[in-house]
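Structure, as structure tokens:
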Amino acid sequence: MPAFGSFALILALALSAYCFLAGSFALRQQAVGIPSDRLAETARRAGIATWIAVAAAAFALVWAALNNDFSVAYILHHTNRDLPTPYKFAALWSGQEGSLLFWALLLSSYGLVLRLRHKVDVKLTAYASTILAAVQIFFLLLLNFAATPFSMVRGAVPPDGNGLNPLLQYPEMVIHPPMLYLGYVGFAVPFAFALGALIMKYPGEKWIHITRRWTMVTWCFLTCGIFLGAHWAYSVLGWGGYWGWDPVENASVFPWLTGTAFLHSVMMQEKRGMLKTWNVWLIFCTFMLSILGTFLTRSGVVSSVHAFAQSSIGEWFIWFLGITLVVCCFFYIRNRDHLKSEHRLESLLSRESSFLFQNLVLLAACFALLWGTLFPVLSEWVQGHKITVGPPFFNRVNIPIAMFLLLLTGVGPLLAWRSTSWASLKRNFTIPVIAAVATAILLMVFGVRPWEDAAHFYSLMAISLCALVTATIVSEFVRGGRVISRHTGQNLLASMVTLTRRNTRRYGGYIVHFGIVVIVVGLAGAAFNQQKEQELGSGERMELGAYTVVCDSYSQDDTANYEMNYAVLNVFKNGNPLGQMFPARKFFKASQQPDTIVAIRSTPLEDLYIIYAGLNQDSNKPIIKVFINPLVSWIWAGVFVLIFGTVVAMIPPMAAAAVPQLQTVRAVSMPVPVRSDPVGAGD
Amino acid sequence: MILALCLIFAAGLLVYVFAPGVVFERVTDKSRLAFLEERKQVVYENLRDLNFDYKAGKYPQEDYEPLRASLEAEAAEILAEIDALNVHPTAWSPSSL
């Protein structure tokens with residue numbers, strides 16, 4: 001099977017090279033009026049065949065893992081005989097070569113869907129297919145010449161493998177990397193369409209319409225990947241938090257920020273023909289940041305908890321990023337006339353300006369994150385020694401930016417396109433502002449002291465702004481629901497459902513905003529975290545907040561895969577028993593690495609988070625660390641709301657009801673009779 | 001065995017790629033009319049949204065009237081050009097896009 005896998009990768013490279021070369025040649029021929037439909041069709045089919053070949057290679061690698069074929073170096077280094085089957089399957093993305101193969105597989109899968117759906121716009125899809133093939137060539141070159149997954153072990157084949165990194169032996173790690181990669185790779189599709197549209201000077205904004213679902217699916221996968229990673233860090237790394245501003249964590253956020261900006265600003269292009277250059281560069285940057293994220297994850301250029309991914313393929317990525325930038329710049333300079341805006345910004349008080357501000361804020365956040373992440377590397381190049389940038393920098397810079405962004409999330413939907421009057425502002429903002437101020441007063445009444453502590457200040461700000469955003473979302477649903485209710489006689493709730501079905505994009509977007517609100521409330525809880533560490537022998541107790549933890553016993557366990565130390569703790573809240581918790585520490589035999597198993601008791605109000613930090617060799621007692629983390633479960637709940645909103649936004653809208661009143665469009669300066677097409681209300 | 005498998009696999013893919021049959025989609029340029037139809041739909045959607053928001057009480061009359069007038073003017077221009085193209089289909093060149 002390894003030989004077949006290697007052959008499939010070479011074949012995939014040849015096919016994607018043909019797809020690129022034949023596709024480019026066919027498009028060139030068509031541009032000068034020479035028909036070359038047959039050649040274009042073979043290029044498209046070569047793109048589809050690339051998927052078959054890459055999938056065959058991935059299958060060969062998984063087959064080798066499942067059959068303990070330790071003659072393959074990758075399988076030897078990332079699995080062992082006693083590894084559970086799901087983790088053997090996950091070996092595909094657990095190491096350098098496998099994860100690059102997985103990247104190539106996902107890219108070819110996206111390409112497959114794109115090429116099968118080519119009838120949506122044959123010419124534009126042909127351009128996008130050719131560009132995707134170029135990206136595919138890069139990853140297949142890597143897989144064939146720099147990071148080959150089917151390298152054979154030299155000399156005698158060991159009887160067992162080195163095993164999988166213990167940090168990766170966690171159920172969420174089986175799905176976190178695929179989600180993240182689906183996000184990273186997916187941005188290649190809107191990038192390919194945007195670059196294709198620019199190269200061919202595509203008339204109109206239909207390419208945005210075509211790529212809208214691609215972008216949303218990709219964004220949703222990336223969001224899931226980021227939060228699965230956060231949940232993994234919370235449950236596995238055992239330091240009490242979910243986000244440590246680790247460089248590889250940050251890398252996943254770069255394309256998320258620019259992708260979020262793109263999802264919003266394309267609306268201005270669709271509706272008003274504005275920000276064309278901005279949007280094209282946003283998606284170019286998003287794609288390049290996805291590549292940069294993969295580079296940071298895979299190259300080991302920055303110190304990270306993701307040290308299991310270090311290697312020396314960085315130069316390949318730098319070259320690829322450089323070539324991509326040059327190609328984008330070249331076509332932008334050559335065809336920039338095509339990107340002229342059709343309208344100007346008419347007022348600072350308008351939906352357009354709120355999108356623009358929101359975009360600038362997202363980009364500022366991205367730049368701050370990028371700067372902080374790459375600063376250690378840059379400082380080492382310039383000064384010869386590494387200057388580390390820690391969480392205080394990221395918190396100081398990004399929290400105020402996030403507050404402003406949250407404010408714009410509340411303000412934006414209430415502003416009209418083109419311009420908004422003060423009367424309209426007063427009409428729309430009275431209730432949300434009252435909600436925000438009332439929330440702030442309530443929080444202060446319940447003990448939040450913003451004047452004493454910056455964490456309390458930001459927490460109060462965040463939750464008050466969340467109230468403002470929630471009020472705007474609710475008012476949007478209620479107002480729209482009332483209009484539907486007046487015309488259909490449905491009750492308000494049913495009307496709001498109908499409203500959402502009629503404009504899934506807009507109201508699905510509001511649900512996504514509400515998901516963000518729920519997540520921010522969860523994040524704001526971090527200001528009230530408490531923690532305590534103590535040695536805890538049998539029968540001894542420790543107290544933190546309303547909780548009492550009593551050590552019932554502590555012991556050891558031994559399995560084929562690992563040794564484990566654990567404690568049995570009885571937990572009480574306000575004197576009432578809550579049950580037992582079992583924090584543990586494993587030591588994996590094959591990889592000779594330790595791992596923390598955190599015990600978490602989660603409620604909507606707070607998490608009780610207990611770690612077995614180690615065994616004191618002098619007293620032979622376990623060291624137990626207890627954290628109270630308020631509102632953490634809101635973060636995970638918010639992600640589900642966000643996913644639901646994204647799914648709603650992707651559903652095609654229900655056809656609008658018959659227009660009750662026909663209105664004639666007035667003629668302007670054109671001396672041609674104007675057709676009286678109905679332009680009715682959306683109700 | 002592996003060699004045979006590789007050869008069969010490669011042959012299958014090459015046949016699929018290079019024997020596309022006789023029926024395939026033609027690559028054509030988008031017409032000005034199609035472009036205008038897309039624009040018309042966008043302006044109509046903007047009008048629908050504006051009307052709906054007005055009925056929902058989101059905007060006062062003094063905001064609504066000028067916004068509606070400008071969108072209707074935009075729609076009228078597009079409709080006029082669509083009608084002109086339908087009457088004189090040859091009066092269009094790709095450079096006008």
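Each chain in the structure tokens gets a letter, A, B, ..., in the order shown, and its residues are numbered from 1; ligands are numbered from 1 in order too.
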
Can you write out as CSV which residues of region 133-222 of chain A fall within 12 Å of region 112-118 of chain A, alongside each residue's closest atom pair and its distance in Å to one decimal, counting only C-alpha atoms and ordering rows by chain and ascending residue number?
residue,atom,partner,partner_atom,distance
A:Ala133,CA,A:Leu112,CA,10.9
A:Gln136,CA,A:Leu112,CA,12.0
A:Gly186,CA,A:Leu114,CA,11.2
A:Ala188,CA,A:Leu114,CA,11.3
A:Val189,CA,A:Leu114,CA,8.2
A:Pro190,CA,A:Leu114,CA,10.7
A:Ala192,CA,A:Leu114,CA,10.6
A:Phe193,CA,A:Leu114,CA,10.2
A:Ile210,CA,A:Leu114,CA,10.2
A:Thr211,CA,A:Leu114,CA,10.0
A:Arg213,CA,A:Leu114,CA,11.9
A:Trp214,CA,A:Leu114,CA,9.6

>> With 8 Å as the limit and counting only C-alpha atoms, what residues in chain B lie close to chain A? Please list them as a PyMOL selection string.
In response: chain B and resi 2+5-6+10+13+16-20+24-30+35+38-39+42-44+46-49+51-53+55-60+63+67+72-73+75-77+79-80+83-84+97

Keeping N, CA and C atoms for every residue in the selection just given, could you write it to a file as a short mmCIF file (atom, residue, chain, number, x, y, z; two decimals), in the first residue's frame?
data_model
loop_
_atom_site.label_atom_id
_atom_site.label_comp_id
_atom_site.auth_asym_id
_atom_site.auth_seq_id
_atom_site.Cartn_x
_atom_site.Cartn_y
_atom_site.Cartn_z
N ILE B 2 1.07 -4.78 -6.85
CA ILE B 2 0.96 -3.33 -6.65
C ILE B 2 1.14 -2.59 -7.98
N LEU B 5 -1.98 -2.82 -9.93
CA LEU B 5 -2.99 -1.92 -9.33
C LEU B 5 -2.72 -0.47 -9.74
N CYS B 6 -1.44 -0.08 -9.71
CA CYS B 6 -1.08 1.30 -10.09
C CYS B 6 -1.41 1.56 -11.55
N ALA B 10 -4.08 4.27 -12.89
CA ALA B 10 -3.66 5.37 -13.77
C ALA B 10 -4.44 5.33 -15.08
N LEU B 13 -8.00 6.67 -14.67
CA LEU B 13 -8.06 8.12 -14.54
C LEU B 13 -7.77 8.81 -15.88
N TYR B 16 -10.75 8.62 -18.08
CA TYR B 16 -11.78 9.58 -17.62
C TYR B 16 -11.44 11.01 -18.08
N VAL B 17 -10.16 11.36 -17.98
CA VAL B 17 -9.76 12.74 -18.30
C VAL B 17 -9.81 13.00 -19.81
N PHE B 18 -9.27 12.06 -20.58
CA PHE B 18 -9.08 12.35 -22.01
C PHE B 18 -10.17 11.80 -22.92
N ALA B 19 -11.20 11.19 -22.37
CA ALA B 19 -12.33 10.76 -23.20
C ALA B 19 -13.59 11.42 -22.68
N PRO B 20 -13.67 12.75 -22.84
CA PRO B 20 -14.80 13.46 -22.22
C PRO B 20 -16.11 13.32 -22.98
N PHE B 24 -20.35 18.65 -23.74
CA PHE B 24 -19.78 19.40 -22.64
C PHE B 24 -20.19 20.86 -22.74
N GLU B 25 -20.09 21.53 -21.60
CA GLU B 25 -20.57 22.91 -21.52
C GLU B 25 -19.66 23.85 -22.31
N ARG B 26 -20.27 24.76 -23.04
CA ARG B 26 -19.48 25.76 -23.77
C ARG B 26 -19.14 26.91 -22.83
N VAL B 27 -17.92 27.41 -22.99
CA VAL B 27 -17.49 28.56 -22.20
C VAL B 27 -17.93 29.82 -22.94
N THR B 28 -18.86 30.54 -22.36
CA THR B 28 -19.37 31.74 -23.04
C THR B 28 -19.21 32.97 -22.16
N ASP B 29 -19.13 34.13 -22.79
CA ASP B 29 -19.05 35.39 -22.04
C ASP B 29 -20.44 35.78 -21.58
N LYS B 30 -20.46 36.47 -20.45
CA LYS B 30 -21.73 36.93 -19.93
C LYS B 30 -22.22 38.12 -20.77
N PHE B 35 -26.08 40.74 -17.27
CA PHE B 35 -25.51 41.59 -16.22
C PHE B 35 -26.57 42.56 -15.68
N GLU B 38 -29.11 40.87 -13.50
CA GLU B 38 -28.58 40.68 -12.14
C GLU B 38 -28.69 41.97 -11.34
N ARG B 39 -28.29 43.08 -11.96
CA ARG B 39 -28.34 44.38 -11.28
C ARG B 39 -29.79 44.72 -10.89
N VAL B 42 -30.83 42.95 -7.84
CA VAL B 42 -30.21 43.51 -6.63
C VAL B 42 -30.95 44.77 -6.20
N VAL B 43 -31.26 45.64 -7.17
CA VAL B 43 -31.94 46.89 -6.82
C VAL B 43 -33.35 46.60 -6.31
N TYR B 44 -34.02 45.63 -6.94
CA TYR B 44 -35.35 45.25 -6.45
C TYR B 44 -35.28 44.72 -5.01
N ASN B 46 -33.05 45.51 -2.81
CA ASN B 46 -32.80 46.67 -1.94
C ASN B 46 -34.11 47.41 -1.67
N LEU B 47 -34.92 47.54 -2.72
CA LEU B 47 -36.21 48.24 -2.56
C LEU B 47 -37.14 47.47 -1.63
N ARG B 48 -37.15 46.15 -1.82
CA ARG B 48 -38.00 45.31 -0.95
C ARG B 48 -37.57 45.47 0.51
N ASP B 49 -36.26 45.42 0.75
CA ASP B 49 -35.75 45.56 2.13
C ASP B 49 -36.13 46.91 2.71
N ASN B 51 -38.57 48.96 1.81
CA ASN B 51 -40.02 49.04 2.06
C ASN B 51 -40.41 48.27 3.31
N PHE B 52 -39.80 47.12 3.46
CA PHE B 52 -40.13 46.29 4.62
C PHE B 52 -39.71 46.99 5.91
N ASP B 53 -38.50 47.53 5.91
CA ASP B 53 -38.02 48.22 7.11
C ASP B 53 -38.88 49.44 7.43
N LYS B 55 -42.09 49.74 6.69
CA LYS B 55 -43.35 49.25 7.26
C LYS B 55 -43.16 48.76 8.68
N ALA B 56 -41.96 48.30 8.98
CA ALA B 56 -41.67 47.83 10.35
C ALA B 56 -41.44 48.99 11.30
N GLY B 57 -41.45 50.20 10.75
CA GLY B 57 -41.29 51.39 11.59
C GLY B 57 -39.85 51.71 11.92
N LYS B 58 -38.94 51.19 11.10
CA LYS B 58 -37.52 51.40 11.41
C LYS B 58 -37.05 52.79 10.95
N TYR B 59 -37.62 53.27 9.88
CA TYR B 59 -37.20 54.58 9.35
C TYR B 59 -38.38 55.54 9.31
N PRO B 60 -38.16 56.83 9.63
CA PRO B 60 -39.24 57.82 9.49
C PRO B 60 -39.44 58.15 8.01
N ASP B 63 -36.73 59.96 6.01
CA ASP B 63 -35.57 59.15 5.58
C ASP B 63 -35.98 58.26 4.42
N LEU B 67 -34.56 57.80 0.06
CA LEU B 67 -33.88 56.52 -0.20
C LEU B 67 -34.64 55.75 -1.28
N GLU B 72 -35.38 53.85 -6.86
CA GLU B 72 -36.27 53.76 -8.01
C GLU B 72 -35.61 54.36 -9.26
N ALA B 73 -34.87 55.42 -9.04
CA ALA B 73 -34.17 56.03 -10.18
C ALA B 73 -33.13 55.06 -10.74
N ALA B 75 -33.27 51.79 -10.49
CA ALA B 75 -34.01 50.72 -11.17
C ALA B 75 -34.48 51.16 -12.54
N ALA B 76 -34.93 52.41 -12.61
CA ALA B 76 -35.44 52.92 -13.88
C ALA B 76 -34.34 52.96 -14.95
N GLU B 77 -33.16 53.37 -14.54
CA GLU B 77 -32.03 53.40 -15.49
C GLU B 77 -31.75 52.00 -16.03
N LEU B 79 -33.81 49.39 -16.10
CA LEU B 79 -34.92 48.91 -16.93
C LEU B 79 -34.89 49.56 -18.32
N ALA B 80 -34.55 50.83 -18.32
CA ALA B 80 -34.48 51.54 -19.61
C ALA B 80 -33.41 50.91 -20.50
N ASP B 83 -34.60 47.53 -21.78
CA ASP B 83 -35.56 47.70 -22.88
C ASP B 83 -34.85 48.09 -24.18
N ALA B 84 -33.87 48.99 -24.04
CA ALA B 84 -33.13 49.41 -25.23
C ALA B 84 -32.40 48.24 -25.87
N LEU B 97 -19.15 46.92 -20.58
CA LEU B 97 -19.42 46.30 -19.28
C LEU B 97 -18.68 47.02 -18.17
#

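From CA of Gln269 (chain A) back to CA of Val120 (chain A), the distance works out to 20.1 Å.
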
> CA of Val521 (chain A) and CA of Trp634 (chain A), how far apart in Å?
Replying inline: 6.9 Å

> In Å, with one decimal, what is the gap from CA of Val648 (chain A) to CA of Gly508 (chain A)?
Replying inline: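 Atom-to-atom, CA of Val648 (chain A) to CA of Gly508 (chain A), that is 4.9 Å.
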
>> Run DSSP on the backbone and tell me which residues of chain B come out as helix (DSSP H, G or I); list them as a PyMOL selection string.
In response: chain B and resi 2-18+32-55+61-87+94-96

>> Could you list, as JSON, numbers by chain, every residue within 9 Å of region 460-465 of chain A, counting only C-alpha atoms and ignoring same-chain residues fewer than 5 positions away?
In response: {"A": [402, 403, 406, 407, 410, 433, 435, 436, 437, 438, 439, 440, 443, 444, 448, 449, 450, 455, 470, 517, 520, 521, 523, 524]}
